[in-house]
Amino acid sequence: MNQDRPARAAVFSAGSWGTAVGKIMADTGTCVVMHARRAEIADAINTTHHNPGYFPDVELPHTVRATTDPATALDGADFLVLSIPAQSLRTSLAAWAPHIGPDTVIVSLMKGIETGSGLRASQVITEVTGIATERIAVLSGPNLAREIMDGQPAAATIACPDEAAAHQIQRACHTPYFRPYTSADVIGCELGGAVKNVIALAVGIASGMGLGHNAQAMLITRGLAETTRLATAMGAHPSTLAGLAGLGDLVATCSSPLSRNRTFGHHLGQGMTMAEATAATRQTTEGVKSAQAILALADTHNIEMPITDVISALLHEKVTLEQAAGALMQRPPKPEQ
């Protein structure tokens with residue numbers, strides 16, 4: 001990266017989390033160009049400095065620009081920040097890959113597992129682009145976009161095999177309200193971010209069914225246990241799952257009504273159908289999309305994930321709400337691990 005000019009970041013796309021990270025980076029002095037799918041969103045960002053699709057009440061830094069042209073967004077970019085649904089990553093990235101510069105570092109904000117392949121986002125990025133893992137980072141943590149847009153304190157983990165690249169990203173998104181830490185554990189950060197969405201669905205369902213805080217705390221705690229079992233079996237460090245990208249993200253996503261996965265689960269717990277919950281939530285719910293893929297990973301590694309198993313069965317209408325709750329409570333007693 002050229003130290004004689006401000007860092008440049010291309011943020012794909014202009015959704016809620018992409019907009020929040022674009023604001024964070026712009027607040028550090030990074031030049032940000034957001035890629036929007038819709039021309040009216042790009043025009044509004046350029047002319048009114050507001051994103052009318054997400055957070056229309058928050059003024060973006062005037063240094064944030066937007067375009068619908070991926071080549072324009074990526075021109076001279078030091079960082080490509082990817083914030084798109086995990087299941088559309090492969091197709092979208094294939095179209096954008098020819099415009100990625102030879103030194104651009106990719107920052108993944110995605111928290112899902114690709115169905116069919118069982119690949120994490122960083123693995124899909126490598127497979128599609130051929131870019132070395134040293135140029136691919138993951139940013140993950142307890143980061144509710146609405147709170148960050150309001151300037152409330154938050155922190156995250158930036159995981160990358162290349163320490164220098166991790167520090168570059170850290171400098172590009174360290175603000176008075178956003179504190180990034182660095183790590184080399186990409187696997188732990190990605191799995192922590194993916195599995196917590198499924199656990200948040202379970203907590204939301206419990207809330208929607210009228211179950212109390214004891215039940216919700218049980219799901220969070222045992223959810224962390226099964227997340228840690230899978231992640232460490234795949235090479236993650238246990239301390240990552242006890243940190244911001246693990247426990248921190250899990251608590252925020254399971255506890256806040258701002259969490260789309262918890263909200264989706266709450267709708268199901270209140271008796272909505274999958275279609276009704278999807279319509280009511282209105283945004284991509286990664287836990288719904290990734291639950292089966294996560295369960296397949298668990299089967300491959302011979303890891304027991306009872307909460308994920310039950311939620312996957314519920315999402316595919318193999319069990320009812322009452323059967324799902326009963327299946328978790330009627331498991332045989334055993335030592336806590």
# chains A, B, ... in the order shown; residues from 1 in each chain; ligands from 1
>>> residues_around(residues="Gly248 (chain A)", least_positions_apart="4", cutoff="8 Å", atoms="only C-alpha atoms", output="MDAnalysis selection string")
chainID A and resid 141:142 242:244 252
>>> select_by_dssp(residues="region 133-298 of chain A", states="strand (DSSP E or B)", output="ChimeraX atom specification")
/A:136-140,154-159,175,178-183
>>> write_last_selection(atoms="N, CA, C and O atoms", output="CSV table (one decimal), in the first residue's frame")
chain,number,residue,atom,x,y,z
A,136,ILE,N,-6.1,-12.4,2.3
A,136,ILE,CA,-7.5,-12.5,2.6
A,136,ILE,C,-7.7,-12.5,4.1
A,136,ILE,O,-7.1,-13.2,4.9
A,137,ALA,N,-8.5,-11.5,4.6
A,137,ALA,CA,-8.7,-11.3,6.0
A,137,ALA,C,-10.2,-11.5,6.3
A,137,ALA,O,-11.1,-11.4,5.5
A,138,VAL,N,-10.5,-11.7,7.6
A,138,VAL,CA,-11.9,-11.8,8.1
A,138,VAL,C,-12.0,-10.8,9.2
A,138,VAL,O,-11.2,-10.7,10.1
A,139,LEU,N,-13.1,-10.0,9.2
A,139,LEU,CA,-13.4,-9.1,10.3
A,139,LEU,C,-14.7,-9.6,10.9
A,139,LEU,O,-15.7,-9.7,10.2
A,140,SER,N,-14.7,-9.9,12.2
A,140,SER,CA,-15.8,-10.5,12.9
A,140,SER,C,-15.8,-10.0,14.4
A,140,SER,O,-14.8,-9.8,15.0
A,154,ALA,N,-17.8,-0.3,20.1
A,154,ALA,CA,-17.8,-1.7,19.6
A,154,ALA,C,-16.3,-2.1,19.3
A,154,ALA,O,-15.4,-1.3,19.2
A,155,ALA,N,-16.1,-3.4,19.2
A,155,ALA,CA,-14.8,-3.9,18.9
A,155,ALA,C,-15.0,-5.1,18.0
A,155,ALA,O,-16.1,-5.7,17.9
A,156,ALA,N,-13.9,-5.5,17.4
A,156,ALA,CA,-14.0,-6.7,16.5
A,156,ALA,C,-12.6,-7.3,16.4
A,156,ALA,O,-11.6,-6.7,16.8
A,157,THR,N,-12.5,-8.5,15.8
A,157,THR,CA,-11.3,-9.2,15.5
A,157,THR,C,-11.0,-9.2,14.0
A,157,THR,O,-11.9,-9.5,13.2
A,158,ILE,N,-9.8,-8.9,13.6
A,158,ILE,CA,-9.4,-8.9,12.2
A,158,ILE,C,-8.4,-10.1,12.1
A,158,ILE,O,-7.3,-10.0,12.7
A,159,ALA,N,-8.8,-11.2,11.5
A,159,ALA,CA,-8.0,-12.3,11.4
A,159,ALA,C,-7.4,-12.4,10.0
A,159,ALA,O,-8.1,-12.3,9.0
A,175,THR,N,-11.2,3.6,15.1
A,175,THR,CA,-11.8,4.9,15.4
A,175,THR,C,-12.0,5.1,16.9
A,175,THR,O,-11.9,4.1,17.6
A,178,PHE,N,-14.7,2.4,17.5
A,178,PHE,CA,-14.5,1.1,17.0
A,178,PHE,C,-13.1,0.6,17.2
A,178,PHE,O,-12.1,1.2,16.6
A,179,ARG,N,-12.9,-0.4,18.0
A,179,ARG,CA,-11.6,-0.9,18.4
A,179,ARG,C,-11.3,-2.3,17.7
A,179,ARG,O,-11.9,-3.3,18.2
A,180,PRO,N,-10.5,-2.4,16.7
A,180,PRO,CA,-10.2,-3.7,16.1
A,180,PRO,C,-8.9,-4.4,16.7
A,180,PRO,O,-7.9,-3.7,17.0
A,181,TYR,N,-9.0,-5.6,17.0
A,181,TYR,CA,-7.9,-6.5,17.5
A,181,TYR,C,-7.5,-7.3,16.3
A,181,TYR,O,-8.2,-7.6,15.4
A,182,THR,N,-6.2,-7.8,16.3
A,182,THR,CA,-5.7,-8.7,15.3
A,182,THR,C,-5.6,-10.1,15.7
A,182,THR,O,-5.4,-10.4,16.9
A,183,SER,N,-5.6,-11.0,14.8
A,183,SER,CA,-5.5,-12.5,15.1
A,183,SER,C,-5.0,-13.2,13.8
A,183,SER,O,-5.1,-12.6,12.7
>>> residues_around(residues="Lys111 (chain A)", least_positions_apart="2", cutoff="9 Å", atoms="only C-alpha atoms", output="list in words")
Pro85, Ala86, Ser108, Leu109, Ile113, Arg120, Ala121, Ser140, Glu190, Leu191, Gly192, Gly193, Ala194, Val195, Lys196, Asn197, Glu286, Gly287 and Ser290 of chain A
>>> write_last_selection(atoms="all heavy atoms", output="compact mmCIF listing (two decimals), in the first residue's frame")
# COMPACT_ATOMS: atom_id res chain seq x y z
N PRO A 85 -24.44 -11.61 0.86
CA PRO A 85 -24.86 -12.92 1.36
C PRO A 85 -23.88 -14.02 0.96
O PRO A 85 -23.41 -14.06 -0.18
CB PRO A 85 -26.23 -13.12 0.69
CG PRO A 85 -26.73 -11.73 0.44
CD PRO A 85 -25.51 -10.93 0.10
N ALA A 86 -23.58 -14.88 1.90
CA ALA A 86 -22.58 -15.93 1.65
C ALA A 86 -22.95 -16.81 0.47
O ALA A 86 -22.08 -17.27 -0.27
CB ALA A 86 -22.40 -16.77 2.91
N SER A 108 -13.25 -9.99 4.37
CA SER A 108 -14.56 -10.62 4.37
C SER A 108 -15.32 -10.27 5.64
O SER A 108 -14.82 -10.43 6.75
CB SER A 108 -14.41 -12.15 4.28
OG SER A 108 -15.66 -12.77 4.53
N LEU A 109 -16.55 -9.78 5.45
CA LEU A 109 -17.46 -9.53 6.58
C LEU A 109 -18.53 -10.61 6.67
O LEU A 109 -19.42 -10.52 7.49
CB LEU A 109 -18.15 -8.17 6.40
CG LEU A 109 -17.27 -6.95 6.13
CD1 LEU A 109 -18.13 -5.69 6.06
CD2 LEU A 109 -16.19 -6.79 7.19
N ILE A 113 -21.72 -20.29 5.76
CA ILE A 113 -21.04 -21.42 5.12
C ILE A 113 -21.76 -21.72 3.81
O ILE A 113 -22.99 -21.79 3.77
CB ILE A 113 -21.06 -22.68 6.02
CG1 ILE A 113 -20.40 -22.38 7.37
CG2 ILE A 113 -20.37 -23.84 5.33
CD1 ILE A 113 -18.92 -22.02 7.30
N ARG A 120 -15.96 -22.15 3.87
CA ARG A 120 -16.03 -20.84 4.50
C ARG A 120 -15.82 -19.76 3.44
O ARG A 120 -15.29 -20.04 2.35
CB ARG A 120 -14.97 -20.73 5.59
CG ARG A 120 -15.18 -21.70 6.75
CD ARG A 120 -14.03 -21.68 7.73
NE ARG A 120 -12.88 -22.43 7.25
CZ ARG A 120 -11.74 -21.93 6.85
NH1 ARG A 120 -11.55 -20.61 6.86
NH2 ARG A 120 -10.76 -22.71 6.43
N ALA A 121 -16.20 -18.53 3.75
CA ALA A 121 -16.10 -17.45 2.76
C ALA A 121 -14.68 -17.26 2.25
O ALA A 121 -14.46 -17.09 1.05
CB ALA A 121 -16.63 -16.15 3.35
N SER A 140 -14.67 -9.86 12.22
CA SER A 140 -15.82 -10.45 12.89
C SER A 140 -15.84 -10.04 14.35
O SER A 140 -14.79 -9.85 14.98
CB SER A 140 -15.76 -11.98 12.78
OG SER A 140 -16.94 -12.57 13.24
N GLU A 190 -14.25 -17.27 11.38
CA GLU A 190 -15.32 -17.55 10.42
C GLU A 190 -16.36 -18.51 10.99
O GLU A 190 -17.57 -18.31 10.81
CB GLU A 190 -14.74 -18.11 9.13
CG GLU A 190 -14.02 -17.05 8.31
CD GLU A 190 -13.66 -17.53 6.93
OE1 GLU A 190 -12.84 -18.47 6.82
OE2 GLU A 190 -14.18 -16.97 5.94
N LEU A 191 -15.92 -19.55 11.68
CA LEU A 191 -16.89 -20.49 12.23
C LEU A 191 -17.65 -19.89 13.41
O LEU A 191 -18.85 -20.14 13.57
CB LEU A 191 -16.18 -21.78 12.65
CG LEU A 191 -15.72 -22.65 11.48
CD1 LEU A 191 -14.91 -23.84 11.96
CD2 LEU A 191 -16.92 -23.14 10.67
N GLY A 192 -16.98 -19.08 14.23
CA GLY A 192 -17.68 -18.40 15.29
C GLY A 192 -18.80 -17.53 14.74
O GLY A 192 -19.92 -17.52 15.27
N GLY A 193 -18.51 -16.81 13.66
CA GLY A 193 -19.50 -15.94 13.05
C GLY A 193 -20.63 -16.68 12.37
O GLY A 193 -21.77 -16.21 12.36
N ALA A 194 -20.34 -17.84 11.80
CA ALA A 194 -21.36 -18.60 11.09
C ALA A 194 -22.29 -19.35 12.05
O ALA A 194 -23.52 -19.28 11.91
CB ALA A 194 -20.71 -19.58 10.12
N VAL A 195 -21.72 -20.05 13.01
CA VAL A 195 -22.54 -20.88 13.88
C VAL A 195 -23.39 -20.04 14.82
O VAL A 195 -24.52 -20.40 15.15
CB VAL A 195 -21.67 -21.88 14.67
CG1 VAL A 195 -22.56 -22.78 15.54
CG2 VAL A 195 -20.84 -22.74 13.72
N LYS A 196 -22.88 -18.89 15.25
CA LYS A 196 -23.66 -18.06 16.19
C LYS A 196 -24.99 -17.66 15.58
O LYS A 196 -25.97 -17.42 16.31
CB LYS A 196 -22.85 -16.85 16.63
CG LYS A 196 -22.43 -15.89 15.52
CD LYS A 196 -23.39 -14.76 15.28
CE LYS A 196 -22.96 -13.92 14.09
NZ LYS A 196 -23.82 -12.75 13.88
N ASN A 197 -25.08 -17.56 14.26
CA ASN A 197 -26.35 -17.21 13.64
C ASN A 197 -27.40 -18.30 13.86
O ASN A 197 -28.58 -18.02 14.06
CB ASN A 197 -26.16 -16.98 12.14
CG ASN A 197 -25.47 -15.67 11.85
OD1 ASN A 197 -25.63 -14.69 12.57
ND2 ASN A 197 -24.69 -15.62 10.77
N GLU A 286 -28.52 -15.24 7.59
CA GLU A 286 -27.49 -16.23 7.23
C GLU A 286 -27.66 -17.56 7.97
O GLU A 286 -27.33 -18.61 7.43
CB GLU A 286 -26.09 -15.66 7.52
CG GLU A 286 -25.67 -14.52 6.59
CD GLU A 286 -25.30 -14.99 5.18
OE1 GLU A 286 -25.56 -16.15 4.83
OE2 GLU A 286 -24.74 -14.16 4.44
N GLY A 287 -28.18 -17.52 9.20
CA GLY A 287 -28.36 -18.77 9.93
C GLY A 287 -29.30 -19.72 9.23
O GLY A 287 -29.10 -20.94 9.24
N SER A 290 -27.35 -21.21 6.25
CA SER A 290 -26.14 -21.98 6.53
C SER A 290 -26.32 -23.16 7.46
O SER A 290 -25.40 -23.97 7.61
CB SER A 290 -25.06 -21.05 7.13
OG SER A 290 -24.67 -20.05 6.22
>>> select_by_dssp(residues="region 70-138 of chain A", states="helix (DSSP H, G or I)", output="PyMOL selection string")
chain A and resi 70-74+86-99+121-129+133-135
>>> residues_around(residues="region 217-231 of chain A", least_positions_apart="6", cutoff="8 Å", atoms="only C-alpha atoms", output="list in words")
Ile187, Gly188, Leu191, Gly192, Val195, Lys196, Ile199, Ala200, Ala202, Val203, His237, Pro238, Leu241, Gly246, Leu247, Leu250, Val251, Cys254, Ala298, His301, Ile303, Glu304, Met305, Pro306, Ile307 and Gln337 of chain A
>>> atom_distance(atom1="CA of Cys189 (chain A)", atom2="CA of Lys289 (chain A)")
18.4 Å
>>> closest_residue(among="A:Pro52, A:Gly212, A:Gly326, A:Gly101", to="Ala14 (chain A)", atoms="only C-alpha atoms")
A:Pro52
>>> atom_distance(atom1="CA of His49 (chain A)", atom2="CA of His167 (chain A)")
29.0 Å
